[in-house]
$ cat input-v5.pdb   # PDB, C-alpha atoms
ATOM      1  CA  MET F   1      93.745 120.471  86.425  1.00  0.00           C
ATOM      2  CA  SER F   2      91.134 121.193  89.096  1.00  0.00           C
ATOM      3  CA  ARG F   3      88.736 118.664  87.554  1.00  0.00           C
ATOM      4  CA  GLU F   4      91.413 115.959  87.743  1.00  0.00           C
ATOM      5  CA  ARG F   5      92.015 116.744  91.416  1.00  0.00           C
ATOM      6  CA  ASP F   6      88.262 116.640  92.057  1.00  0.00           C
ATOM      7  CA  GLN F   7      88.029 113.217  90.392  1.00  0.00           C
ATOM      8  CA  GLU F   8      90.950 111.894  92.439  1.00  0.00           C
ATOM      9  CA  GLN F   9      89.377 113.206  95.642  1.00  0.00           C
ATOM     10  CA  LEU F  10      86.046 111.634  94.668  1.00  0.00           C
ATOM     11  CA  ARG F  11      87.757 108.286  94.124  1.00  0.00           C
ATOM     12  CA  ARG F  12      89.524 108.495  97.493  1.00  0.00           C
ATOM     13  CA  ASP F  13      86.324 109.451  99.307  1.00  0.00           C
ATOM     14  CA  VAL F  14      84.285 106.672  97.668  1.00  0.00           C
ATOM     15  CA  LEU F  15      86.940 104.052  98.442  1.00  0.00           C
ATOM     16  CA  THR F  16      87.277 105.243 102.037  1.00  0.00           C
ATOM     17  CA  ALA F  17      83.516 105.079 102.580  1.00  0.00           C
ATOM     18  CA  PHE F  18      83.332 101.614 100.994  1.00  0.00           C
ATOM     19  CA  LEU F  19      86.224 100.291 103.103  1.00  0.00           C
ATOM     20  CA  ASP F  20      84.764 101.782 106.290  1.00  0.00           C
ATOM     21  CA  GLU F  21      81.518  99.923 105.617  1.00  0.00           C
ATOM     22  CA  ARG F  22      83.333  96.659 104.916  1.00  0.00           C
ATOM     23  CA  GLU F  23      85.377  97.020 108.115  1.00  0.00           C
ATOM     24  CA  ARG F  24      82.151  97.338 110.089  1.00  0.00           C
ATOM     25  CA  GLU F  25      81.048  94.073 108.444  1.00  0.00           C
ATOM     26  CA  GLY F  26      84.228  92.417 109.703  1.00  0.00           C
ATOM     27  CA  TYR F  27      86.383  92.440 106.551  1.00  0.00           C
ATOM     28  CA  ARG F  28      90.122  92.984 106.922  1.00  0.00           C
ATOM     29  CA  ILE F  29      91.815  95.583 104.763  1.00  0.00           C
ATOM     30  CA  GLU F  30      95.059  93.965 103.691  1.00  0.00           C
ATOM     31  CA  SER F  31      96.410  96.859 101.630  1.00  0.00           C
ATOM     32  CA  HIS F  32      95.200  99.885  99.735  1.00  0.00           C
ATOM     33  CA  THR F  33      96.152 102.842  97.605  1.00  0.00           C
ATOM     34  CA  HIS F  34      94.017 105.884  96.777  1.00  0.00           C
ATOM     35  CA  THR F  35      91.977 104.002  94.179  1.00  0.00           C
ATOM     36  CA  GLN F  36      92.329 100.287  94.920  1.00  0.00           C
ATOM     37  CA  ALA F  37      92.351  97.914  97.900  1.00  0.00           C
ATOM     38  CA  ILE F  38      92.641  94.252  98.768  1.00  0.00           C
ATOM     39  CA  ILE F  39      90.238  93.075 101.447  1.00  0.00           C
ATOM     40  CA  GLY F  40      90.246  89.766 103.247  1.00  0.00           C
ATOM     41  CA  PRO F  41      87.277  87.729 104.373  1.00  0.00           C
ATOM     42  CA  PRO F  42      85.425  88.689 107.537  1.00  0.00           C
ATOM     43  CA  ASP F  43      86.635  87.238 110.788  1.00  0.00           C
ATOM     44  CA  ARG F  44      84.166  84.478 111.598  1.00  0.00           C
ATOM     45  CA  ARG F  45      84.511  85.096 115.338  1.00  0.00           C
ATOM     46  CA  ARG F  46      83.283  88.701 115.228  1.00  0.00           C
ATOM     47  CA  SER F  47      79.599  87.869 114.930  1.00  0.00           C
ATOM     48  CA  PRO F  48      77.240  85.018 115.810  1.00  0.00           C
ATOM     49  CA  ARG F  49      76.315  84.715 112.109  1.00  0.00           C
ATOM     50  CA  GLY F  50      79.992  84.404 111.265  1.00  0.00           C
ATOM     51  CA  LEU F  51      80.292  81.252 113.337  1.00  0.00           C
ATOM     52  CA  LEU F  52      77.710  79.589 111.089  1.00  0.00           C
ATOM     53  CA  ARG F  53      79.567  80.479 107.892  1.00  0.00           C
ATOM     54  CA  LYS F  54      81.884  77.966 106.249  1.00  0.00           C
ATOM     55  CA  PRO F  55      85.585  78.856 106.289  1.00  0.00           C
ATOM     56  CA  GLY F  56      86.655  80.250 102.929  1.00  0.00           C
ATOM     57  CA  SER F  57      83.120  81.120 101.860  1.00  0.00           C
ATOM     58  CA  PHE F  58      84.201  84.746 101.286  1.00  0.00           C
ATOM     59  CA  PRO F  59      87.393  84.927  99.210  1.00  0.00           C
ATOM     60  CA  ARG F  60      89.855  87.823  99.171  1.00  0.00           C
ATOM     61  CA  GLN F  61      88.702  90.633  96.906  1.00  0.00           C
ATOM     62  CA  VAL F  62      90.207  93.472  94.896  1.00  0.00           C
ATOM     63  CA  VAL F  63      88.192  96.684  95.203  1.00  0.00           C
ATOM     64  CA  SER F  64      88.709  99.429  92.599  1.00  0.00           C
ATOM     65  CA  VAL F  65      87.146 102.837  92.053  1.00  0.00           C
ATOM     66  CA  ASP F  66      86.986 104.235  88.512  1.00  0.00           C
ATOM     67  CA  ARG F  67      87.127 107.899  87.430  1.00  0.00           C
ATOM     68  CA  ASP F  68      83.371 108.277  87.863  1.00  0.00           C
ATOM     69  CA  GLY F  69      83.432 106.976  91.431  1.00  0.00           C
ATOM     70  CA  GLU F  70      81.980 103.555  90.580  1.00  0.00           C
ATOM     71  CA  VAL F  71      83.193 100.694  92.774  1.00  0.00           C
ATOM     72  CA  SER F  72      84.034  97.354  91.208  1.00  0.00           C
ATOM     73  CA  ILE F  73      84.940  94.170  93.059  1.00  0.00           C
ATOM     74  CA  GLY F  74      86.693  91.108  91.745  1.00  0.00           C
ATOM     75  CA  PRO F  75      88.469  88.073  93.110  1.00  0.00           C
ATOM     76  CA  ALA F  76      92.019  88.508  94.359  1.00  0.00           C
ATOM     77  CA  GLU F  77      94.821  86.008  94.040  1.00  0.00           C
ATOM     78  CA  PRO F  78      94.798  83.511  96.913  1.00  0.00           C
ATOM     79  CA  LEU F  79      97.453  83.973  99.569  1.00  0.00           C
ATOM     80  CA  ARG F  80     100.454  81.778  98.986  1.00  0.00           C
ATOM     81  CA  SER F  81     101.444  79.396 101.740  1.00  0.00           C
TER      82      SER F  81
END

$ encode --input "input-v5.pdb" --output "structure tokens"
Amino acid sequence: MSRERDQEQLRRDVLTAFLDEREREGYRIESHTHTQAIIGPPDRRRSPRGLLRKPGSFPRQVVSVDRDGEVSIGPAEPLRS
């Protein structure tokens, strides 16, 4: 039981650290649970480099953390209009 709690805490800590880093890079966190999140593309206005980037060049992403604390990223469904 303790090992399971340790794994869950590891997953939460890894995801929190990953999301904190992405927020500093300008990504928006749209939603998240303890082990998964959806992040939106960086705001192009937050940095001079962002103004040079094409709109839509960074799609929405699903971020997941497995039992071993490994982060995986994949494309998320586009927002519906």

$ closest_residue --input "input-v5.pdb" --among "F:Ala76, F:Leu10, F:Val71, F:Val62" --to "His32 (chain F)" --atoms "only C-alpha atoms"
F:Val62

$ atom_distance --input "input-v5.pdb" --atom1 "CA of Arg12 (chain F)" --atom2 "CA of Ile39 (chain F)"
15.9 Å

$ closest_residue --input "input-v5.pdb" --among "F:Asp68, F:Ile38, F:Phe18, F:Arg24" --to "Glu4 (chain F)" --atoms "all atoms listed in the file"
F:Asp68

$ residues_around --input "input-v5.pdb" --residues "Thr33 (chain F)" --least-positions-apart "6" --cutoff "12 Å" --atoms "all atoms listed in the file" --output "PDB file with C-alpha atoms, in the coordinates of the input"
ATOM      1  CA  GLU F   8      90.950 111.894  92.439  1.00  0.00           C
ATOM      2  CA  ARG F  11      87.757 108.286  94.124  1.00  0.00           C
ATOM      3  CA  ARG F  12      89.524 108.495  97.493  1.00  0.00           C
ATOM      4  CA  ASP F  13      86.324 109.451  99.307  1.00  0.00           C
ATOM      5  CA  LEU F  15      86.940 104.052  98.442  1.00  0.00           C
ATOM      6  CA  THR F  16      87.277 105.243 102.037  1.00  0.00           C
ATOM      7  CA  LEU F  19      86.224 100.291 103.103  1.00  0.00           C
ATOM      8  CA  VAL F  62      90.207  93.472  94.896  1.00  0.00           C
ATOM      9  CA  VAL F  63      88.192  96.684  95.203  1.00  0.00           C
ATOM     10  CA  SER F  64      88.709  99.429  92.599  1.00  0.00           C
ATOM     11  CA  VAL F  65      87.146 102.837  92.053  1.00  0.00           C
TER      12      VAL F  65
END

$ closest_residue --input "input-v5.pdb" --among "F:His34, F:Arg5, F:Arg22, F:Arg28" --to "Arg60 (chain F)" --atoms "all atoms listed in the file"
F:Arg28

$ atom_distance --input "input-v5.pdb" --atom1 "CA of Ala17 (chain F)" --atom2 "CA of Glu30 (chain F)"
16.1 Å

$ closest_residue --input "input-v5.pdb" --among "F:Gln61, F:Ser72, F:Gln7, F:Ser2" --to "Pro41 (chain F)" --atoms "all atoms listed in the file"
F:Gln61

$ atom_distance --input "input-v5.pdb" --atom1 "CA of Arg67 (chain F)" --atom2 "CA of Tyr27 (chain F)"
24.6 Å

$ axis_aligned_box --input "input-v5.pdb" --around "region 66-69 of chain F" --padding-each-side "4 Å" --output "AutoDock Vina command-line options"
--center_x 85.2 --center_y 106.3 --center_z 89.4 --size_x 11.8 --size_y 12.0 --size_z 12.0

$ closest_residue --input "input-v5.pdb" --among "F:Pro42, F:Glu21, F:Gln36, F:Pro78" --to "Asp66 (chain F)" --atoms "only C-alpha atoms"
F:Gln36

$ closest_residue --input "input-v5.pdb" --among "F:Pro59, F:Arg80, F:Asp6, F:Glu25" --to "Gly40 (chain F)" --atoms "only C-alpha atoms"
F:Pro59
